[in-house]
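Text of data.cif (mmCIF, C-alpha atoms) as supplied:
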data_structure
#
loop_
_atom_site.label_atom_id
_atom_site.label_comp_id
_atom_site.auth_asym_id
_atom_site.auth_seq_id
_atom_site.Cartn_x
_atom_site.Cartn_y
_atom_site.Cartn_z
CA MET U 87 -119.46 140.94 215.16
CA TYR U 88 -121.41 139.32 218.00
CA GLU U 89 -122.82 142.51 219.48
CA SER U 90 -125.08 140.86 222.08
CA THR U 91 -123.75 138.84 225.02
CA ASP U 92 -126.10 135.95 224.27
CA GLU U 93 -124.93 135.72 220.66
CA LEU U 94 -121.26 135.82 221.66
CA MET U 95 -121.74 133.19 224.38
CA ARG U 96 -123.46 130.85 221.90
CA GLU U 97 -120.54 131.23 219.50
CA ILE U 98 -118.01 130.60 222.28
CA LEU U 99 -119.85 127.41 223.27
CA ALA U 100 -119.71 126.29 219.62
CA GLY U 101 -115.91 126.66 219.64
CA GLU U 102 -113.29 128.35 217.47
CA ASP U 103 -113.84 128.58 213.74
CA THR U 104 -112.92 130.74 210.75
CA TYR U 105 -114.39 133.82 212.38
CA LEU U 106 -113.62 133.29 216.08
CA GLU U 107 -110.50 132.65 218.15
CA PHE U 108 -109.88 132.53 221.92
CA LYS U 109 -106.82 133.68 223.83
CA GLU U 110 -106.14 132.97 227.50
CA VAL U 111 -103.86 135.74 228.68
CA VAL U 112 -101.30 135.42 231.46
CA PHE U 113 -98.82 138.09 232.46
CA ARG U 114 -95.13 137.81 233.20
CA GLY U 115 -94.60 141.10 234.93
CA ASP U 116 -96.12 143.59 232.53
CA GLN U 117 -95.77 141.39 229.44
CA PRO U 118 -98.80 139.47 228.12
CA ARG U 119 -98.36 135.82 227.21
CA PHE U 120 -100.77 133.15 225.99
CA ALA U 121 -101.38 130.12 228.19
CA ASN U 122 -100.61 126.70 226.66
CA GLU U 123 -99.16 128.30 223.54
CA GLU U 124 -95.49 128.37 222.67
CA GLY U 125 -93.81 131.11 220.68
CA HIS U 126 -93.32 134.83 220.80
CA ALA U 127 -96.71 136.32 221.74
CA PRO U 128 -96.58 139.41 219.46
CA LYS U 129 -95.79 137.21 216.45
CA LYS U 130 -98.59 134.79 217.32
CA ILE U 131 -101.26 137.44 217.63
CA ALA U 132 -99.99 139.16 214.46
CA GLU U 133 -100.52 135.85 212.63
CA VAL U 134 -104.10 135.75 213.89
CA PHE U 135 -104.76 139.34 212.83
CA VAL U 136 -103.39 139.05 209.28
CA SER U 137 -105.03 135.65 208.66
CA MET U 138 -108.45 137.05 209.60
CA ALA U 139 -107.98 140.27 207.65
CA ASN U 140 -106.92 138.33 204.55
CA THR U 141 -109.96 136.03 204.73
CA GLU U 142 -113.34 137.35 205.87
CA GLY U 143 -112.45 139.19 209.05
CA GLY U 144 -113.13 137.79 212.50
CA THR U 145 -113.19 138.17 216.26
CA VAL U 146 -110.58 137.46 218.92
CA VAL U 147 -111.71 137.26 222.53
CA PHE U 148 -108.97 137.66 225.13
CA GLY U 149 -109.89 136.03 228.42
CA ILE U 150 -111.23 132.70 227.08
CA ASN U 151 -109.25 129.48 227.50
CA LYS U 152 -108.83 126.71 224.93
CA PHE U 153 -111.88 124.88 226.31
CA GLY U 154 -114.11 127.88 225.68
CA GLU U 155 -114.33 128.79 229.36
CA VAL U 156 -114.45 132.43 230.45
CA VAL U 157 -111.42 133.04 232.68
CA GLY U 158 -111.28 136.82 232.27
CA ILE U 159 -108.60 139.49 232.38
CA ASP U 160 -107.22 141.06 235.56
CA PRO U 161 -108.78 144.57 235.60
CA ASP U 162 -105.47 145.98 236.85
CA LYS U 163 -103.84 144.73 233.63
CA ARG U 164 -106.52 146.14 231.33
CA ASN U 165 -104.54 149.14 230.04
CA LEU U 166 -101.37 147.07 229.59
CA LEU U 167 -103.17 144.49 227.46
CA GLU U 168 -104.99 147.07 225.37
CA GLN U 169 -101.81 148.98 224.56
CA TRP U 170 -99.97 145.75 223.79
CA VAL U 171 -102.68 144.59 221.37
CA VAL U 172 -102.74 147.95 219.58
CA ASN U 173 -98.94 147.93 219.26
CA CYS U 174 -99.02 144.40 217.81
CA ALA U 175 -101.54 145.46 215.19
CA LEU U 176 -99.57 148.57 214.25
CA ASP U 177 -96.00 147.27 214.44
CA SER U 178 -96.13 143.50 213.78
CA CYS U 179 -98.51 143.54 210.81
CA GLU U 180 -97.64 144.83 207.35
CA PRO U 181 -98.25 147.23 205.71
CA LYS U 182 -97.68 149.08 208.95
CA GLY U 183 -100.68 150.98 210.26
CA SER U 184 -103.06 149.48 207.70
CA LEU U 185 -104.72 146.99 210.03
CA GLU U 186 -107.04 148.70 212.51
CA PRO U 187 -108.84 146.29 214.87
CA ARG U 188 -111.84 147.48 216.87
CA LEU U 189 -111.57 146.91 220.62
CA ASN U 190 -114.43 146.54 223.08
CA TRP U 191 -114.15 145.65 226.77
CA ARG U 192 -117.13 143.71 228.06
CA TYR U 193 -118.19 141.32 230.82
CA LEU U 194 -119.10 137.68 230.21
CA PRO U 195 -120.32 135.13 232.78
CA ASN U 196 -118.06 132.25 233.75
CA LEU U 197 -119.27 128.73 234.62
CA ASP U 198 -120.29 129.92 238.11
CA GLY U 199 -122.27 132.83 236.68
CA VAL U 200 -119.69 135.40 237.81
CA ASP U 201 -119.06 138.19 235.30
CA LYS U 202 -115.47 138.39 234.11
CA LEU U 203 -113.78 141.14 232.11
CA VAL U 204 -112.76 140.14 228.56
CA LEU U 205 -111.40 142.02 225.59
CA HIS U 206 -113.52 141.58 222.45
CA LEU U 207 -111.54 142.52 219.35
CA ASP U 208 -112.93 142.63 215.80
CA VAL U 209 -110.55 142.36 212.83
CA PRO U 210 -112.24 143.76 209.70
CA LYS U 211 -111.84 142.09 206.34
CA SER U 212 -109.18 143.92 204.35
CA ARG U 213 -110.46 145.69 201.25
CA TYR U 214 -107.25 147.22 199.92
CA TYR U 215 -104.26 145.20 201.16
CA VAL U 216 -103.01 141.65 201.49
CA HIS U 217 -101.50 141.67 204.97
CA HIS U 218 -98.47 139.82 206.22
CA THR U 219 -96.55 139.59 209.47
CA SER U 220 -93.37 141.55 210.02
CA ASP U 221 -91.38 138.37 209.37
CA GLY U 222 -93.02 137.92 205.95
CA LYS U 223 -95.86 135.41 206.49
CA PHE U 224 -98.92 135.79 204.23
CA LEU U 225 -101.65 133.82 206.01
CA LYS U 226 -105.35 133.02 205.70
CA ARG U 227 -107.93 131.23 207.87
CA VAL U 228 -109.02 127.69 207.14
CA GLY U 229 -111.46 126.77 209.87
CA SER U 230 -109.77 127.65 213.17
CA HIS U 231 -106.29 127.27 211.68
CA ARG U 232 -103.84 129.77 210.16
CA THR U 233 -102.26 128.57 206.93
CA PRO U 234 -99.90 130.12 204.35
CA ILE U 235 -101.57 131.54 201.24
CA PRO U 236 -100.39 129.50 198.22
CA ALA U 237 -98.25 131.45 195.77
CA GLU U 238 -100.76 131.40 192.90
CA GLN U 239 -103.61 132.45 195.15
CA LEU U 240 -101.46 135.16 196.71
CA GLY U 241 -100.68 136.58 193.28
CA ARG U 242 -104.36 136.74 192.35
CA LEU U 243 -105.27 138.27 195.70
CA LEU U 244 -102.61 140.96 195.39
CA ALA U 245 -103.73 141.82 191.87
CA THR U 246 -107.43 141.87 192.78
CA ARG U 247 -107.05 144.18 195.76
CA SER U 248 -104.70 146.51 193.88
CA LEU U 249 -107.23 146.80 191.07
CA LEU U 250 -110.09 147.28 193.51
CA MET U 251 -108.60 150.56 194.68
CA PRO U 252 -105.19 152.00 193.69
CA PHE U 253 -102.80 152.96 196.46
CA GLU U 254 -103.39 156.69 196.00
CA GLU U 255 -107.14 156.33 196.58
CA ARG U 256 -106.94 154.11 199.65
CA PRO U 257 -107.75 155.60 203.07
CA CYS U 258 -104.65 156.32 205.10
CA PRO U 259 -104.93 154.75 208.58
CA GLY U 260 -104.88 157.11 211.53
CA THR U 261 -105.92 160.19 209.57
CA LEU U 262 -108.94 162.45 209.90
CA LEU U 263 -110.10 165.25 207.63
CA ASP U 264 -108.69 167.81 210.04
CA SER U 265 -105.25 166.24 209.41
CA PHE U 266 -104.99 168.15 206.16
CA ASN U 267 -103.70 171.72 205.75
CA ARG U 268 -106.83 173.73 204.94
CA GLU U 269 -104.90 176.87 204.00
CA ARG U 270 -102.80 174.94 201.50
CA PHE U 271 -105.89 173.32 200.00
CA ASP U 272 -107.62 176.71 199.73
CA ALA U 273 -104.65 178.08 197.78
CA TYR U 274 -104.64 175.05 195.49
CA TYR U 275 -108.39 175.30 194.86
CA THR U 276 -108.18 179.01 194.01
CA ARG U 277 -105.28 178.43 191.63
CA ARG U 278 -106.98 175.54 189.85
CA PHE U 279 -110.58 176.76 189.67
CA GLY U 280 -110.08 180.52 189.63
CA SER U 281 -112.23 181.34 192.67
CA PRO U 282 -111.85 180.91 196.45
CA LEU U 283 -112.96 177.71 198.12
CA ARG U 284 -115.49 179.59 200.27
CA GLU U 285 -117.41 180.55 197.11
CA SER U 286 -117.74 176.98 195.84
CA GLY U 287 -120.91 176.22 197.80
CA VAL U 288 -119.79 172.60 198.04
CA PRO U 289 -118.93 170.95 201.41
CA VAL U 290 -115.21 170.38 201.86
CA GLU U 291 -115.84 166.65 202.38
CA ARG U 292 -117.49 166.39 198.98
CA LEU U 293 -114.65 168.27 197.28
CA LEU U 294 -112.01 166.07 198.89
CA GLU U 295 -113.91 162.95 197.88
CA ASN U 296 -114.33 164.15 194.30
CA LEU U 297 -110.61 164.91 194.04
CA LYS U 298 -109.64 161.52 195.56
CA LEU U 299 -108.15 163.28 198.60
CA GLY U 300 -110.63 161.96 201.16
CA LEU U 301 -112.83 158.90 201.59
CA ARG U 302 -115.90 158.17 203.69
CA MET U 303 -115.59 154.90 205.58
CA ASP U 304 -118.31 152.30 206.15
CA ASP U 305 -118.92 153.59 209.68
CA GLY U 306 -119.52 157.14 208.41
CA SER U 307 -116.16 158.55 209.49
CA TRP U 308 -113.76 160.21 207.05
CA ARG U 309 -110.13 159.50 206.27
CA LEU U 310 -107.63 161.25 204.09
CA THR U 311 -106.46 159.10 201.22
CA ASN U 312 -102.76 158.41 200.68
CA LEU U 313 -102.92 161.03 197.91
CA GLY U 314 -104.39 163.58 200.31
CA VAL U 315 -101.64 162.82 202.82
CA LEU U 316 -98.86 163.31 200.26
CA LEU U 317 -100.22 166.61 198.93
CA PHE U 318 -101.98 168.35 201.78
CA THR U 319 -100.56 167.30 205.15
CA ASP U 320 -97.64 169.05 206.79
CA ARG U 321 -95.72 165.85 207.54
CA PRO U 322 -96.64 163.01 205.16
CA GLN U 323 -93.83 160.85 206.57
CA ASN U 324 -95.79 160.58 209.84
CA HIS U 325 -98.27 158.40 207.96
CA LEU U 326 -96.24 157.06 205.02
CA THR U 327 -92.76 156.26 206.25
CA GLY U 328 -90.05 157.26 203.80
CA ALA U 329 -92.19 159.95 202.12
CA TYR U 330 -89.31 162.43 202.09
CA ILE U 331 -86.16 163.25 200.13
CA GLU U 332 -82.62 163.04 201.47
CA ILE U 333 -79.57 164.69 199.87
CA ALA U 334 -75.90 163.98 200.54
CA MET U 335 -73.10 166.10 199.05
CA HIS U 336 -69.78 164.28 198.50
CA ASP U 337 -66.29 165.55 197.69
CA HIS U 338 -65.18 162.13 196.40
CA ALA U 339 -66.12 160.24 193.27
CA VAL U 340 -67.66 157.51 195.45
CA ALA U 341 -69.76 157.54 198.63
CA ASP U 342 -67.28 156.67 201.36
CA GLY U 343 -69.20 157.80 204.43
CA ASN U 344 -67.68 161.29 204.46
CA THR U 345 -70.07 164.01 203.35
CA LEU U 346 -69.83 167.75 202.92
CA ASP U 347 -73.49 168.22 203.77
CA VAL U 348 -76.60 166.13 204.41
CA LYS U 349 -80.14 167.48 204.21
CA ARG U 350 -83.57 165.95 204.72
CA PHE U 351 -86.56 167.56 202.99
CA GLU U 352 -90.03 166.88 204.39
CA GLY U 353 -93.50 168.36 204.07
CA PRO U 354 -96.05 168.10 201.23
CA VAL U 355 -94.38 166.47 198.23
CA SER U 356 -94.66 169.55 195.98
CA ASN U 357 -92.90 171.58 198.70
CA GLN U 358 -90.21 168.92 198.87
CA ILE U 359 -89.56 169.33 195.15
CA GLU U 360 -89.34 173.13 195.42
CA SER U 361 -87.02 172.98 198.44
CA VAL U 362 -84.73 170.39 196.87
CA LEU U 363 -84.44 172.42 193.67
CA ASP U 364 -83.69 175.59 195.61
CA TYR U 365 -81.00 173.80 197.62
CA LEU U 366 -79.36 172.08 194.66
CA LEU U 367 -79.30 175.09 192.36
CA LYS U 368 -77.88 177.38 195.05
CA SER U 369 -75.61 175.00 196.95
CA PRO U 370 -71.94 176.08 197.22
CA PHE U 371 -71.04 172.38 197.12
CA LEU U 372 -72.59 171.79 193.70
CA ALA U 373 -70.20 171.23 190.82
CA ILE U 374 -69.40 174.33 188.77
CA ARG U 375 -68.84 174.40 185.03
CA SER U 376 -65.92 176.66 184.14
CA GLU U 377 -65.36 178.30 180.77
CA LYS U 378 -62.55 180.62 179.68
CA THR U 379 -63.58 183.72 177.78
CA ALA U 380 -61.85 186.91 176.68
CA LEU U 381 -62.97 188.43 179.98
CA GLY U 382 -61.54 185.58 182.05
CA ARG U 383 -62.98 182.46 183.58
CA VAL U 384 -66.77 182.28 183.76
CA ASP U 385 -68.50 179.83 186.11
CA LYS U 386 -71.75 178.33 184.89
CA PRO U 387 -74.11 175.73 186.37
CA ALA U 388 -73.12 172.19 185.48
CA TYR U 389 -76.73 170.99 185.30
CA SER U 390 -79.82 172.14 183.48
CA ALA U 391 -82.33 173.39 186.04
CA LEU U 392 -85.18 171.96 183.96
CA ALA U 393 -83.45 168.58 183.71
CA VAL U 394 -82.91 168.45 187.48
CA GLN U 395 -86.54 169.42 188.08
CA GLU U 396 -87.78 166.73 185.70
CA ALA U 397 -85.61 164.12 187.42
CA ILE U 398 -86.90 164.99 190.89
CA VAL U 399 -90.54 165.24 189.81
CA ASN U 400 -90.26 161.85 188.10
CA ALA U 401 -88.78 160.34 191.27
CA VAL U 402 -91.65 161.65 193.41
CA VAL U 403 -94.35 160.61 190.90
CA HIS U 404 -92.97 157.15 190.08
CA ARG U 405 -91.75 155.99 193.46
CA ASP U 406 -93.50 153.13 195.24
CA TYR U 407 -94.91 154.55 198.47
CA GLU U 408 -95.92 151.07 199.61
CA LEU U 409 -92.23 150.27 200.19
CA THR U 410 -92.13 151.44 203.78
CA GLY U 411 -89.04 153.07 205.22
CA SER U 412 -87.43 153.76 201.83
CA GLN U 413 -86.94 157.39 200.89
CA ILE U 414 -85.72 159.10 197.73
CA ILE U 415 -81.96 159.60 198.04
CA ILE U 416 -79.97 162.12 196.00
CA ASN U 417 -76.19 161.78 196.05
CA VAL U 418 -74.21 164.64 194.53
CA PHE U 419 -70.60 163.97 193.52
CA PRO U 420 -68.10 166.36 191.89
CA ASP U 421 -68.86 164.95 188.44
CA ARG U 422 -72.44 163.66 188.63
CA LEU U 423 -75.80 163.64 190.39
CA GLU U 424 -77.48 160.34 191.31
CA ILE U 425 -81.15 159.95 192.25
CA ARG U 426 -82.16 156.65 193.85
CA ASN U 427 -85.86 155.93 193.89
CA PRO U 428 -87.74 153.12 195.74
CA GLY U 429 -89.71 150.76 193.52
CA PHE U 430 -89.33 148.98 190.21
CA LEU U 431 -90.32 150.55 186.92
CA HIS U 432 -94.09 150.40 186.70
CA ASN U 433 -96.25 148.26 184.41
CA THR U 434 -93.51 146.18 182.66
CA LEU U 435 -91.65 149.36 181.63
CA LYS U 436 -87.96 148.85 180.78
CA PRO U 437 -85.15 151.47 180.82
CA GLU U 438 -84.73 151.30 177.04
CA ASP U 439 -88.41 152.17 176.64
CA LEU U 440 -87.82 155.56 178.26
CA TYR U 441 -85.04 156.44 175.82
CA ALA U 442 -87.33 155.39 172.95
CA GLY U 443 -89.88 158.04 173.95
CA CYS U 444 -92.64 155.72 175.19
CA GLN U 445 -95.57 157.15 177.12
CA PRO U 446 -95.32 155.38 180.48
CA MET U 447 -98.23 154.45 182.71
CA ARG U 448 -97.34 156.31 185.88
CA ARG U 449 -97.54 154.45 189.17
CA ASN U 450 -99.23 157.43 190.85
CA GLN U 451 -101.55 158.78 188.17
CA HIS U 452 -103.51 161.18 190.39
CA LEU U 453 -100.34 162.67 191.87
CA SER U 454 -98.97 163.43 188.41
CA GLY U 455 -102.29 165.07 187.54
CA PHE U 456 -102.10 167.36 190.56
CA PHE U 457 -98.55 168.37 189.65
CA ARG U 458 -99.95 169.99 186.51
CA ASP U 459 -101.64 172.47 188.84
CA PHE U 460 -98.54 173.33 190.90
CA PRO U 461 -96.23 175.97 189.40
CA SER U 462 -92.62 175.22 188.56
CA PRO U 463 -90.05 177.29 190.49
CA VAL U 464 -87.77 177.01 187.46
CA ASN U 465 -89.91 178.37 184.61
CA GLY U 466 -93.21 179.34 186.25
CA ARG U 467 -95.17 176.75 184.29
CA SER U 468 -96.29 173.37 185.70
CA LEU U 469 -94.21 170.93 187.68
CA MET U 470 -95.38 168.32 185.18
CA GLU U 471 -96.30 169.27 181.65
CA ALA U 472 -96.78 167.32 178.41
CA ARG U 473 -97.11 163.59 178.90
CA GLY U 474 -94.21 161.41 177.83
CA VAL U 475 -91.75 164.14 176.74
CA GLY U 476 -90.20 165.07 180.09
CA PHE U 477 -87.62 162.30 180.19
CA LEU U 478 -86.46 162.96 176.65
CA SER U 479 -86.12 166.67 177.50
CA LEU U 480 -84.03 165.69 180.51
CA VAL U 481 -81.80 163.57 178.29
CA ARG U 482 -81.50 166.22 175.58
CA GLU U 483 -80.60 169.10 177.92
CA SER U 484 -78.16 167.03 179.97
CA LEU U 485 -76.46 165.67 176.87
CA ALA U 486 -76.00 169.20 175.51
CA LEU U 487 -74.24 170.30 178.72
CA SER U 488 -72.08 167.28 179.50
CA GLY U 489 -71.81 165.39 176.24
CA ARG U 490 -72.96 162.28 178.10
CA THR U 491 -76.37 160.63 178.09
CA PRO U 492 -77.91 160.23 181.56
CA SER U 493 -77.88 156.60 182.68
CA PHE U 494 -80.86 154.72 184.06
CA GLU U 495 -80.39 151.51 186.05
CA VAL U 496 -82.58 149.06 187.95
CA ILE U 497 -80.87 148.24 191.26
CA GLY U 498 -82.51 145.79 193.68
CA GLN U 499 -85.99 147.09 194.52
CA GLY U 500 -85.24 150.55 193.19
CA ILE U 501 -83.95 152.54 190.27
CA LYS U 502 -81.05 154.97 189.87
CA LEU U 503 -80.83 157.90 187.48
CA THR U 504 -77.42 159.49 186.93
CA ILE U 505 -77.01 162.94 185.37
CA PHE U 506 -73.44 163.90 184.51
CA ALA U 507 -72.07 167.37 185.22
CA GLY U 508 -71.12 169.47 182.26
CA GLY U 509 -67.49 170.54 181.78
CA VAL U 510 -66.61 170.07 185.44
CA ASP U 511 -63.06 170.22 186.68
CA ALA U 512 -63.63 167.48 189.27
CA ASP U 513 -60.16 167.76 190.80
CA ARG U 514 -60.62 171.50 191.33
CA MET U 515 -64.02 170.93 192.92
CA ILE U 516 -62.59 168.40 195.39
CA THR U 517 -59.72 170.74 196.30
CA GLU U 518 -62.00 173.74 196.83
CA SER U 519 -64.53 171.78 198.86
CA ARG U 520 -61.77 170.78 201.26
CA GLY U 521 -60.65 174.39 201.61
CA GLU U 522 -57.20 173.72 200.15
#

Represent the structure contained in this file as structure tokens.
Amino acid sequence: MYESTDELMREILAGEDTYLEFKEVVFRGDQPRFANEEGHAPKKIAEVFVSMANTEGGTVVFGINKFGEVVGIDPDKRNLLEQWVVNCALDSCEPKGSLEPRLNWRYLPNLDGVDKLVLHLDVPKSRYYVHHTSDGKFLKRVGSHRTPIPAEQLGRLLATRSLLMPFEERPCPGTLLDSFNRERFDAYYTRRFGSPLRESGVPVERLLENLKLGLRMDDGSWRLTNLGVLLFTDRPQNHLTGAYIEIAMHDHAVADGNTLDVKRFEGPVSNQIESVLDYLLKSPFLAIRSEKTALGRVDKPAYSALAVQEAIVNAVVHRDYELTGSQIIINVFPDRLEIRNPGFLHNTLKPEDLYAGCQPMRRNQHLSGFFRDFPSPVNGRSLMEARGVGFLSLVRESLALSGRTPSFEVIGQGIKLTIFAGGVDADRMITESRGE
């Protein structure tokens, strides 16, 4: 906004409004503060950013006092202010990393006609999110003021922007097309379409856009979508915090802080699933089912490999990746395996509906579709097969081994699935794990 100096100066003379705000910056050491304004500066500027993004966008000019006079920024403090502003946008506005202001340093004349350095910052209108400050304030602009968004309006705004573009299809801030693993995408393309990517004759950008993996922005640049980040970047958690799986192995019936082993599995989400399955099904700490035969005691796995795969795939597909900083957690005890997953059940689904064989609307529809094209390390077929039967298969196979139906609970902002070990001598497992 306000590309020419004359246009910007006219707007400054007219005063602050819905689209324009001034900030007079003073420094205490290396820390920016706002003159004649009380409160923690990062919180104050975060309120300005989210209120503009939630309304129609706007411009903040640093170096203008409350009277609309150009006072400027000390050139020696230029880099400090720029880094501070960027950090406020990234760290004090939620969802983190989703608000990307555009910065432009320029000179404006003061009352004496002397050019002064100012920072011109444009906050674009949000298309996909309803932003809030890190302390939970959902704000909008009313004239030059920041006001809370009423609850009813907030609900409508959240619903509208979610429907406008689902989370999977939204551009992931800070990504470029070269962020994705081309070799991995080539292998996927060959597996799905039966010929190498180089023979497609279609530009990679077009393919990524068609598959909802990339998106062209209004300025002509390209971003990976959240889906593209999850499937085809080497470290999704660098962009979507919590996009990993953590496992803790316990030798007690409850989690008491003492663990036999803790592992963190990162990388593309299909790789996470494969690595977790490999670890669980081969781990020396995993419960063993013992049976006596004419030839002596025979140790057998206490869990169905297919049931464990289904449980992990479901966790990855159904989790809410908008809940930042919350990962999938798997706790393994001598007598059971618990999978904790961030996010409520999607689309009014209830636990009893799953046991009744309903066909759920998956939170991440595109991700589940891609999993049909990734092979299962357990049976060589797909990671996700027929719709709506996976959970019942998990229940059926687990019940046959343990005699107990897996339990499904809603806990806080997440869910917990418990699969019980089959025929496990829990006391023996605890003794052996301690080396006794």

- Query: Counting all atoms listed in the file, what is within 6 Å of range 147-160 of chain U, bar same-chain residues fewer than 3 positions away, as a VMD selection string?
  - Reply: chain U and resid 98 108 to 110 163 196 202 to 206

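Contact shell of Arg490 in chain U at 12 Å (all atoms listed in the file; same-chain neighbours under 2 positions omitted): Tyr389, Asp421, Arg422, Leu480, Val481, Arg482, Glu483, Ser484, Leu485, Ala486, Leu487, Ser488, Pro492, Ser493, Thr504, Ile505, Phe506, Ala507, Gly508 and Gly509 of chain U.
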
- Message: To test your reading of the syntax: which residues would the PyMOL selection byres ((chain U and resi 308-314) around 7) return for the file shown? Reply as a list in words.
- Response: Phe253, Glu254, Glu255, Arg256, Pro257, Cys258, Thr261, Leu262, Leu263, Lys298, Leu299, Gly300, Leu301, Arg302, Met303, Gly306, Ser307, Val315, Leu316, Leu317, Phe318 and Leu453 of chain U

- Task: Run through the PyMOL selection byres ((chain U and resi 145) around 7) on the given coordinates and return the selected residues as a ChimeraX atom specification.
- Result: /U:87,105-107,144,146-147,207-209

Prev. selection, C-alpha atoms, output as a short mmCIF file (atom, residue, chain, number, x, y, z; two decimals), in the frame of the given file:
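Below is the file that was written, out03.cif:
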data_model
loop_
_atom_site.label_atom_id
_atom_site.label_comp_id
_atom_site.auth_asym_id
_atom_site.auth_seq_id
_atom_site.Cartn_x
_atom_site.Cartn_y
_atom_site.Cartn_z
CA MET U 87 -119.46 140.94 215.16
CA TYR U 105 -114.39 133.82 212.38
CA LEU U 106 -113.62 133.29 216.08
CA GLU U 107 -110.50 132.65 218.15
CA GLY U 144 -113.13 137.79 212.50
CA VAL U 146 -110.58 137.46 218.92
CA VAL U 147 -111.71 137.26 222.53
CA LEU U 207 -111.54 142.52 219.35
CA ASP U 208 -112.93 142.63 215.80
CA VAL U 209 -110.55 142.36 212.83
#

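You will find CA of Pro161 in chain U at 20.1 Å from CA of Ala127 in chain U.
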
With 9 Å as the cut-off and all atoms listed in the file counted, what is the closest atom pair between each nearby residue of range 302-334 of chain U and range 348-358 of chain U? Distances in Å to one decimal, ordered by chain and number, as CSV.
residue,atom,partner,partner_atom,distance
U:Val315,CA,U:Pro354,CA,7.9
U:Leu316,CA,U:Pro354,CA,5.6
U:Leu317,CA,U:Pro354,CA,5.0
U:Phe318,CA,U:Pro354,CA,6.0
U:Thr319,CA,U:Pro354,CA,6.0
U:Asp320,CA,U:Gly353,CA,5.0
U:Arg321,CA,U:Gly353,CA,4.8
U:Pro322,CA,U:Gly353,CA,6.3
U:Gln323,CA,U:Glu352,CA,7.5
U:Ala329,CA,U:Glu352,CA,7.6
U:Tyr330,CA,U:Glu352,CA,5.1
U:Ile331,CA,U:Phe351,CA,5.2
U:Glu332,CA,U:Arg350,CA,4.5
U:Ile333,CA,U:Lys349,CA,5.2
U:Ala334,CA,U:Val348,CA,4.5

- Task: Using only C-alpha atoms, determine which residues lie at most 7 Å from range 238-248 of chain U, disregarding the query and same-chain residues fewer than 3 positions distant; provide the list as a ChimeraX atom specification.
- Result: /U:213-216,235,251-252

- Pairwise distance, CA of Val418 in chain U with CA of Val402 in chain U, equals 17.7 Å

Test item: which residues lie within 10 Å of (-98.6, 150.4, 207.7) counting only C-alpha atoms, as a PDB file with C-alpha atoms, keeping the file's coordinate frame:
ATOM      1  CA  ALA U 175    -101.540 145.460 215.190  1.00  0.00           C
ATOM      2  CA  LEU U 176     -99.570 148.570 214.250  1.00  0.00           C
ATOM      3  CA  ASP U 177     -96.000 147.270 214.440  1.00  0.00           C
ATOM      4  CA  SER U 178     -96.130 143.500 213.780  1.00  0.00           C
ATOM      5  CA  CYS U 179     -98.510 143.540 210.810  1.00  0.00           C
ATOM      6  CA  GLU U 180     -97.640 144.830 207.350  1.00  0.00           C
ATOM      7  CA  PRO U 181     -98.250 147.230 205.710  1.00  0.00           C
ATOM      8  CA  LYS U 182     -97.680 149.080 208.950  1.00  0.00           C
ATOM      9  CA  GLY U 183    -100.680 150.980 210.260  1.00  0.00           C
ATOM     10  CA  SER U 184    -103.060 149.480 207.700  1.00  0.00           C
ATOM     11  CA  LEU U 185    -104.720 146.990 210.030  1.00  0.00           C
ATOM     12  CA  GLU U 186    -107.040 148.700 212.510  1.00  0.00           C
ATOM     13  CA  HIS U 217    -101.500 141.670 204.970  1.00  0.00           C
ATOM     14  CA  CYS U 258    -104.650 156.320 205.100  1.00  0.00           C
ATOM     15  CA  PRO U 259    -104.930 154.750 208.580  1.00  0.00           C
ATOM     16  CA  GLY U 260    -104.880 157.110 211.530  1.00  0.00           C
ATOM     17  CA  HIS U 325     -98.270 158.400 207.960  1.00  0.00           C
ATOM     18  CA  LEU U 326     -96.240 157.060 205.020  1.00  0.00           C
ATOM     19  CA  THR U 327     -92.760 156.260 206.250  1.00  0.00           C
ATOM     20  CA  GLU U 408     -95.920 151.070 199.610  1.00  0.00           C
ATOM     21  CA  LEU U 409     -92.230 150.270 200.190  1.00  0.00           C
ATOM     22  CA  THR U 410     -92.130 151.440 203.780  1.00  0.00           C
TER      23      THR U 410
END

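One finds CA of Leu423 in chain U at 13.7 Å from CA of Glu495 in chain U.
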
- What does the PyMOL selection byres ((chain U and resi 363) around 12) select in this file, as an NGL selection string? :U and (331 or 333 or 351 or 356-362 or 364-369 or 372 or 389-399 or 416 or 462-464 or 469)

Write out as a short mmCIF file (atom, residue, chain, number, x, y, z; two decimals) with C-alpha atoms, in the frame of the given file the residues lying within 10 Å of Pro236 in chain U, counting all atoms listed in the file and excluding same-chain residues fewer than 5 positions away.
data_model
loop_
_atom_site.label_atom_id
_atom_site.label_comp_id
_atom_site.auth_asym_id
_atom_site.auth_seq_id
_atom_site.Cartn_x
_atom_site.Cartn_y
_atom_site.Cartn_z
CA PHE U 224 -98.92 135.79 204.23
CA LEU U 225 -101.65 133.82 206.01
CA LYS U 226 -105.35 133.02 205.70
CA GLY U 241 -100.68 136.58 193.28
#

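Nearest to Tyr88 in chain U of all the residues U:Lys223, U:Lys502, U:Arg192, U:Met138 is U:Arg192, counting all atoms listed in the file.
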
Using the block above, I'd like range 269-277 of chain U written out, keeping C-alpha atoms and formatting it as a compact mmCIF listing (two decimals), in the first residue's frame.
# COMPACT_ATOMS: atom_id res chain seq x y z
CA GLU U 269 14.31 -37.34 -5.38
CA ARG U 270 11.53 -38.44 -3.05
CA PHE U 271 8.89 -36.82 -5.24
CA ASP U 272 10.36 -38.48 -8.35
CA ALA U 273 10.09 -41.89 -6.67
CA TYR U 274 6.50 -41.18 -5.63
CA TYR U 275 5.54 -40.02 -9.13
CA THR U 276 7.05 -43.10 -10.77
CA ARG U 277 5.28 -45.42 -8.33
